[in-house]
$ cat entry_23.pdb   # PDB, C-alpha atoms, pLDDT in the B column
ATOM      1  CA  MET A  23      68.442 101.813  99.301  1.00 54.00           C
ATOM      2  CA  THR A  24      65.876  99.504  97.806  1.00 54.00           C
ATOM      3  CA  THR A  25      63.830  97.148  99.898  1.00 54.00           C
ATOM      4  CA  MET A  26      65.508  94.161  98.264  1.00 52.00           C
ATOM      5  CA  ILE A  27      69.023  95.367  99.120  1.00 54.00           C
ATOM      6  CA  ARG A  28      67.932  96.265 102.668  1.00 49.00           C
ATOM      7  CA  ARG A  29      66.472  92.752 103.099  1.00 53.00           C
ATOM      8  CA  GLN A  30      69.706  91.175 101.824  1.00 54.00           C
ATOM      9  CA  ILE A  31      71.797  93.251 104.232  1.00 50.00           C
ATOM     10  CA  LEU A  32      69.549  92.399 107.170  1.00 46.00           C
ATOM     11  CA  THR A  33      69.660  88.725 106.218  1.00 48.00           C
ATOM     12  CA  LEU A  34      73.439  88.816 106.085  1.00 47.00           C
ATOM     13  CA  LEU A  35      73.631  90.640 109.414  1.00 47.00           C
ATOM     14  CA  GLY A  36      71.265  88.110 110.942  1.00 52.00           C
ATOM     15  CA  LEU A  37      73.482  85.258 109.783  1.00 43.00           C
ATOM     16  CA  SER A  38      76.818  86.850 110.669  1.00 42.00           C
ATOM     17  CA  PRO A  39      76.751  85.819 114.369  1.00 42.00           C
ATOM     18  CA  LEU A  40      76.215  82.232 113.274  1.00 39.00           C
ATOM     19  CA  LEU A  41      79.101  82.423 110.830  1.00 38.00           C
ATOM     20  CA  LEU A  42      81.374  83.966 113.443  1.00 40.00           C
ATOM     21  CA  ALA A  43      80.427  81.334 116.023  1.00 40.00           C
ATOM     22  CA  ARG A  44      81.471  78.433 113.770  1.00 40.00           C
ATOM     23  CA  PRO A  45      84.671  76.784 114.952  1.00 41.00           C
ATOM     24  CA  ALA A  46      87.628  77.288 112.663  1.00 45.00           C
ATOM     25  CA  LEU A  47      88.457  74.273 110.579  1.00 47.00           C
ATOM     26  CA  ALA A  48      91.706  72.707 111.756  1.00 59.00           C
ATOM     27  CA  ALA A  49      94.365  72.707 109.120  1.00 74.00           C
ATOM     28  CA  SER A  50      95.422  69.213 108.186  1.00 90.00           C
ATOM     29  CA  PRO A  51      99.098  68.429 108.716  1.00 94.00           C
ATOM     30  CA  ALA A  52     101.378  68.839 105.711  1.00 97.00           C
ATOM     31  CA  ALA A  53     102.777  65.623 104.253  1.00 98.00           C
ATOM     32  CA  LEU A  54     106.558  65.388 104.477  1.00 98.00           C
ATOM     33  CA  GLY A  55     108.605  62.635 102.856  1.00 97.00           C
ATOM     34  CA  PHE A  56     112.167  61.535 103.566  1.00 95.00           C
ATOM     35  CA  PRO A  57     113.459  62.737 100.162  1.00 94.00           C
ATOM     36  CA  GLU A  58     112.171  66.237 101.095  1.00 96.00           C
ATOM     37  CA  LEU A  59     114.132  66.589 104.349  1.00 95.00           C
ATOM     38  CA  TYR A  60     117.421  67.905 103.050  1.00 91.00           C
ATOM     39  CA  GLY A  61     118.398  70.148 100.170  1.00 88.00           C
ATOM     40  CA  LYS A  62     122.050  69.913  99.376  1.00 77.00           C
ATOM     41  CA  ILE A  63     125.200  68.698 101.023  1.00 74.00           C
ATOM     42  CA  SER A  64     127.706  71.435 101.785  1.00 71.00           C
ATOM     43  CA  VAL A  65     131.122  71.389 103.446  1.00 71.00           C
ATOM     44  CA  LEU A  66     129.215  71.731 106.718  1.00 69.00           C
ATOM     45  CA  GLY A  67     127.122  68.631 106.010  1.00 74.00           C
ATOM     46  CA  LEU A  68     123.448  68.195 105.202  1.00 81.00           C
ATOM     47  CA  GLU A  69     121.385  71.365 104.794  1.00 90.00           C
ATOM     48  CA  PHE A  70     117.675  71.397 105.541  1.00 94.00           C
ATOM     49  CA  SER A  71     115.390  71.747 102.538  1.00 95.00           C
ATOM     50  CA  THR A  72     113.279  74.829 101.917  1.00 95.00           C
ATOM     51  CA  LYS A  73     110.178  72.749 102.704  1.00 97.00           C
ATOM     52  CA  VAL A  74     111.528  71.720 106.126  1.00 97.00           C
ATOM     53  CA  LYS A  75     112.434  75.328 106.909  1.00 97.00           C
ATOM     54  CA  GLU A  76     108.894  76.431 105.973  1.00 97.00           C
ATOM     55  CA  LEU A  77     107.300  73.643 108.059  1.00 98.00           C
ATOM     56  CA  ASP A  78     109.477  74.120 111.168  1.00 98.00           C
ATOM     57  CA  GLY A  79     107.112  74.455 114.147  1.00 98.00           C
ATOM     58  CA  LYS A  80     104.091  73.205 112.166  1.00 98.00           C
ATOM     59  CA  ASP A  81     102.230  69.896 112.224  1.00 98.00           C
ATOM     60  CA  VAL A  82     103.350  67.361 109.641  1.00 98.00           C
ATOM     61  CA  VAL A  83     102.612  63.733 108.819  1.00 98.00           C
ATOM     62  CA  MET A  84     105.294  61.264 107.738  1.00 98.00           C
ATOM     63  CA  SER A  85     105.335  57.620 106.742  1.00 98.00           C
ATOM     64  CA  GLY A  86     108.112  55.145 107.511  1.00 97.00           C
ATOM     65  CA  PHE A  87     109.289  52.417 109.852  1.00 95.00           C
ATOM     66  CA  MET A  88     109.977  52.340 113.575  1.00 92.00           C
ATOM     67  CA  ALA A  89     113.591  51.510 114.412  1.00 87.00           C
ATOM     68  CA  PRO A  90     113.880  49.082 117.331  1.00 78.00           C
ATOM     69  CA  PRO A  91     113.391  51.132 120.518  1.00 75.00           C
ATOM     70  CA  LEU A  92     116.125  51.180 123.129  1.00 69.00           C
ATOM     71  CA  LYS A  93     113.705  50.251 125.903  1.00 69.00           C
ATOM     72  CA  ALA A  94     110.074  49.191 126.019  1.00 67.00           C
ATOM     73  CA  GLU A  95     108.855  52.099 128.163  1.00 70.00           C
ATOM     74  CA  ALA A  96     110.421  54.863 126.062  1.00 77.00           C
ATOM     75  CA  THR A  97     108.316  57.796 124.932  1.00 86.00           C
ATOM     76  CA  PHE A  98     110.385  58.289 121.793  1.00 89.00           C
ATOM     77  CA  PHE A  99     111.627  56.288 118.827  1.00 90.00           C
ATOM     78  CA  VAL A 100     113.349  56.782 115.500  1.00 90.00           C
ATOM     79  CA  LEU A 101     111.321  56.859 112.286  1.00 93.00           C
ATOM     80  CA  THR A 102     113.319  55.506 109.349  1.00 92.00           C
ATOM     81  CA  GLU A 103     112.759  55.511 105.613  1.00 93.00           C
ATOM     82  CA  ILE A 104     113.546  51.793 105.354  1.00 89.00           C
ATOM     83  CA  PRO A 105     113.202  49.005 107.955  1.00 87.00           C
ATOM     84  CA  MET A 106     116.241  48.752 110.275  1.00 74.00           C
ATOM     85  CA  SER A 107     117.388  46.075 112.673  1.00 62.00           C
ATOM     86  CA  ILE A 108     119.446  48.370 114.933  1.00 55.00           C
ATOM     87  CA  CYS A 109     118.859  51.836 116.356  1.00 52.00           C
ATOM     88  CA  PRO A 110     120.390  54.467 114.054  1.00 51.00           C
ATOM     89  CA  PHE A 111     121.429  57.151 116.572  1.00 50.00           C
ATOM     90  CA  CYS A 112     124.679  58.856 115.679  1.00 43.00           C
ATOM     91  CA  SER A 113     127.344  60.713 117.590  1.00 42.00           C
ATOM     92  CA  SER A 114     127.635  63.919 115.577  1.00 45.00           C
ATOM     93  CA  ASP A 115     125.894  66.131 113.032  1.00 49.00           C
ATOM     94  CA  SER A 116     128.359  65.105 110.343  1.00 47.00           C
ATOM     95  CA  ASP A 117     127.395  61.428 110.809  1.00 50.00           C
ATOM     96  CA  TRP A 118     123.652  62.090 110.837  1.00 53.00           C
ATOM     97  CA  PRO A 119     121.820  59.934 108.277  1.00 69.00           C
ATOM     98  CA  ASP A 120     119.463  61.743 105.907  1.00 76.00           C
ATOM     99  CA  ASN A 121     116.679  59.186 106.293  1.00 87.00           C
ATOM    100  CA  ILE A 122     115.736  59.251 109.986  1.00 89.00           C
ATOM    101  CA  VAL A 123     113.635  61.521 112.221  1.00 94.00           C
ATOM    102  CA  VAL A 124     113.357  61.265 116.012  1.00 93.00           C
ATOM    103  CA  ILE A 125     109.764  60.982 117.222  1.00 94.00           C
ATOM    104  CA  TYR A 126     108.802  62.232 120.700  1.00 94.00           C
ATOM    105  CA  LEU A 127     105.377  60.867 121.592  1.00 94.00           C
ATOM    106  CA  ASP A 128     102.723  62.907 123.352  1.00 89.00           C
ATOM    107  CA  GLU A 129     101.998  59.796 125.437  1.00 86.00           C
ATOM    108  CA  LYS A 130     103.274  56.227 125.651  1.00 82.00           C
ATOM    109  CA  GLN A 131     102.116  53.887 122.908  1.00 82.00           C
ATOM    110  CA  THR A 132     102.813  50.214 122.257  1.00 82.00           C
ATOM    111  CA  PHE A 133     105.713  49.866 119.850  1.00 86.00           C
ATOM    112  CA  VAL A 134     105.326  47.926 116.607  1.00 88.00           C
ATOM    113  CA  GLN A 135     107.557  45.299 115.047  1.00 84.00           C
ATOM    114  CA  PRO A 136     110.347  46.490 112.753  1.00 79.00           C
ATOM    115  CA  GLY A 137     109.221  46.248 109.144  1.00 87.00           C
ATOM    116  CA  THR A 138     105.689  47.491 109.921  1.00 94.00           C
ATOM    117  CA  ARG A 139     104.859  50.673 107.981  1.00 96.00           C
ATOM    118  CA  ILE A 140     103.452  53.434 110.179  1.00 97.00           C
ATOM    119  CA  GLU A 141     102.346  57.031 109.799  1.00 97.00           C
ATOM    120  CA  VAL A 142     103.306  59.640 112.357  1.00 97.00           C
ATOM    121  CA  SER A 143     101.939  63.105 112.951  1.00 97.00           C
ATOM    122  CA  GLY A 144     103.481  65.753 115.157  1.00 98.00           C
ATOM    123  CA  ARG A 145     105.043  69.209 115.284  1.00 98.00           C
ATOM    124  CA  LEU A 146     108.239  69.435 113.219  1.00 98.00           C
ATOM    125  CA  GLU A 147     111.313  70.808 114.964  1.00 98.00           C
ATOM    126  CA  MET A 148     114.613  71.298 113.126  1.00 96.00           C
ATOM    127  CA  GLY A 149     118.139  71.975 114.313  1.00 93.00           C
ATOM    128  CA  SER A 150     120.689  70.067 116.346  1.00 91.00           C
ATOM    129  CA  TRP A 151     119.457  69.168 119.811  1.00 93.00           C
ATOM    130  CA  THR A 152     120.782  66.776 122.433  1.00 93.00           C
ATOM    131  CA  ASP A 153     118.211  65.068 124.635  1.00 90.00           C
ATOM    132  CA  PRO A 154     119.209  65.811 128.260  1.00 91.00           C
ATOM    133  CA  GLU A 155     117.830  62.461 129.491  1.00 83.00           C
ATOM    134  CA  THR A 156     119.447  60.153 126.945  1.00 81.00           C
ATOM    135  CA  GLY A 157     122.286  62.233 125.525  1.00 85.00           C
ATOM    136  CA  PHE A 158     121.110  61.385 121.995  1.00 84.00           C
ATOM    137  CA  LEU A 159     121.594  63.933 119.259  1.00 87.00           C
ATOM    138  CA  SER A 160     118.899  64.701 116.701  1.00 89.00           C
ATOM    139  CA  ARG A 161     118.737  67.115 113.783  1.00 90.00           C
ATOM    140  CA  LEU A 162     115.003  66.668 113.040  1.00 95.00           C
ATOM    141  CA  ARG A 163     112.250  65.784 115.474  1.00 96.00           C
ATOM    142  CA  LEU A 164     108.497  65.473 115.656  1.00 98.00           C
ATOM    143  CA  ARG A 165     107.177  66.600 119.046  1.00 97.00           C
ATOM    144  CA  ASP A 166     103.819  65.766 120.638  1.00 97.00           C
ATOM    145  CA  ALA A 167     103.559  62.953 118.101  1.00 96.00           C
ATOM    146  CA  ARG A 168     101.203  60.010 117.625  1.00 95.00           C
ATOM    147  CA  TYR A 169     101.507  57.106 115.228  1.00 95.00           C
ATOM    148  CA  TRP A 170      99.332  54.405 113.707  1.00 95.00           C
ATOM    149  CA  VAL A 171      99.862  51.360 111.501  1.00 95.00           C
ATOM    150  CA  VAL A 172      98.961  51.828 107.816  1.00 93.00           C
TER
END

$ encode --input "entry_23.pdb" --output "structure tokens"
Amino acid sequence: MTTMIRRQILTLLGLSPLLLARPALAASPAALGFPELYGKISVLGLEFSTKVKELDGKDVVMSGFMAPPLKAEATFFVLTEIPMSICPFCSSDSDWPDNIVVIYLDEKQTFVQPGTRIEVSGRLEMGSWTDPETGFLSRLRLRDARYWVV
């Protein structure tokens, strides 16, 4: 081995602990839009899109509007594609609108006025689920979420 190659190897070995000690860069959440939530409508109802299936369990960011909350101290709300004046919860999967997502906050935040555009980030969870506290059904949720006005 030549002196030059040996020097390069030693330099690389000397730097490797520093490279290994660097914190991993956090992956930024994937953007997910309302038109991307569902693929097709079958006899069983709305089917999740391929993108939603791939992002299930991962952090995503969405943009929309906060539906009026049921109570001021709630730690959840409904994100809608368009501003709404009433809460859009439904009674069954077959009635579930294709332009809402339930948001479960990681901590209480002050709610915003309907018609105010917000962005929300959280961990996407798909599949029918009934909240044991409220009895509300959801097909898509963001867990451990936070939101901000845009």

$ resolve_selection --input "entry_23.pdb" --expression "the PyMOL selection byres ((chain A and resi 121) around 7)" --output "list in words"
Phe56, Thr102, Glu103, Pro119, Asp120 and Ile122 of chain A

$ residues_around --input "entry_23.pdb" --residues "range 78-90 of chain A" --least-positions-apart "3" --cutoff "10 Å" --atoms "only C-alpha atoms" --output "JSON, numbers by chain"
{"A": [49, 50, 51, 52, 53, 54, 55, 56, 73, 74, 75, 93, 94, 99, 100, 101, 102, 103, 104, 105, 106, 107, 108, 109, 110, 111, 121, 122, 123, 124, 125, 133, 134, 135, 136, 137, 138, 139, 140, 141, 142, 143, 144, 145, 146, 147, 148, 149, 162, 163, 164, 165, 166, 167, 168, 169, 170, 171, 172]}

$ atom_distance --input "entry_23.pdb" --atom1 "CA of Leu127 in chain A" --atom2 "CA of Asp153 in chain A"
13.8 Å

$ atom_distance --input "entry_23.pdb" --atom1 "CA of Ala96 in chain A" --atom2 "CA of Leu59 in chain A"
25.0 Å

$ atom_distance --input "entry_23.pdb" --atom1 "CA of Phe98 in chain A" --atom2 "CA of Leu68 in chain A"
23.3 Å

$ closest_residue --input "entry_23.pdb" --among "A:Glu129, A:Leu159, A:Gly61, A:Thr152" --to "Glu95 in chain A" --atoms "all atoms listed in the file"
A:Glu129
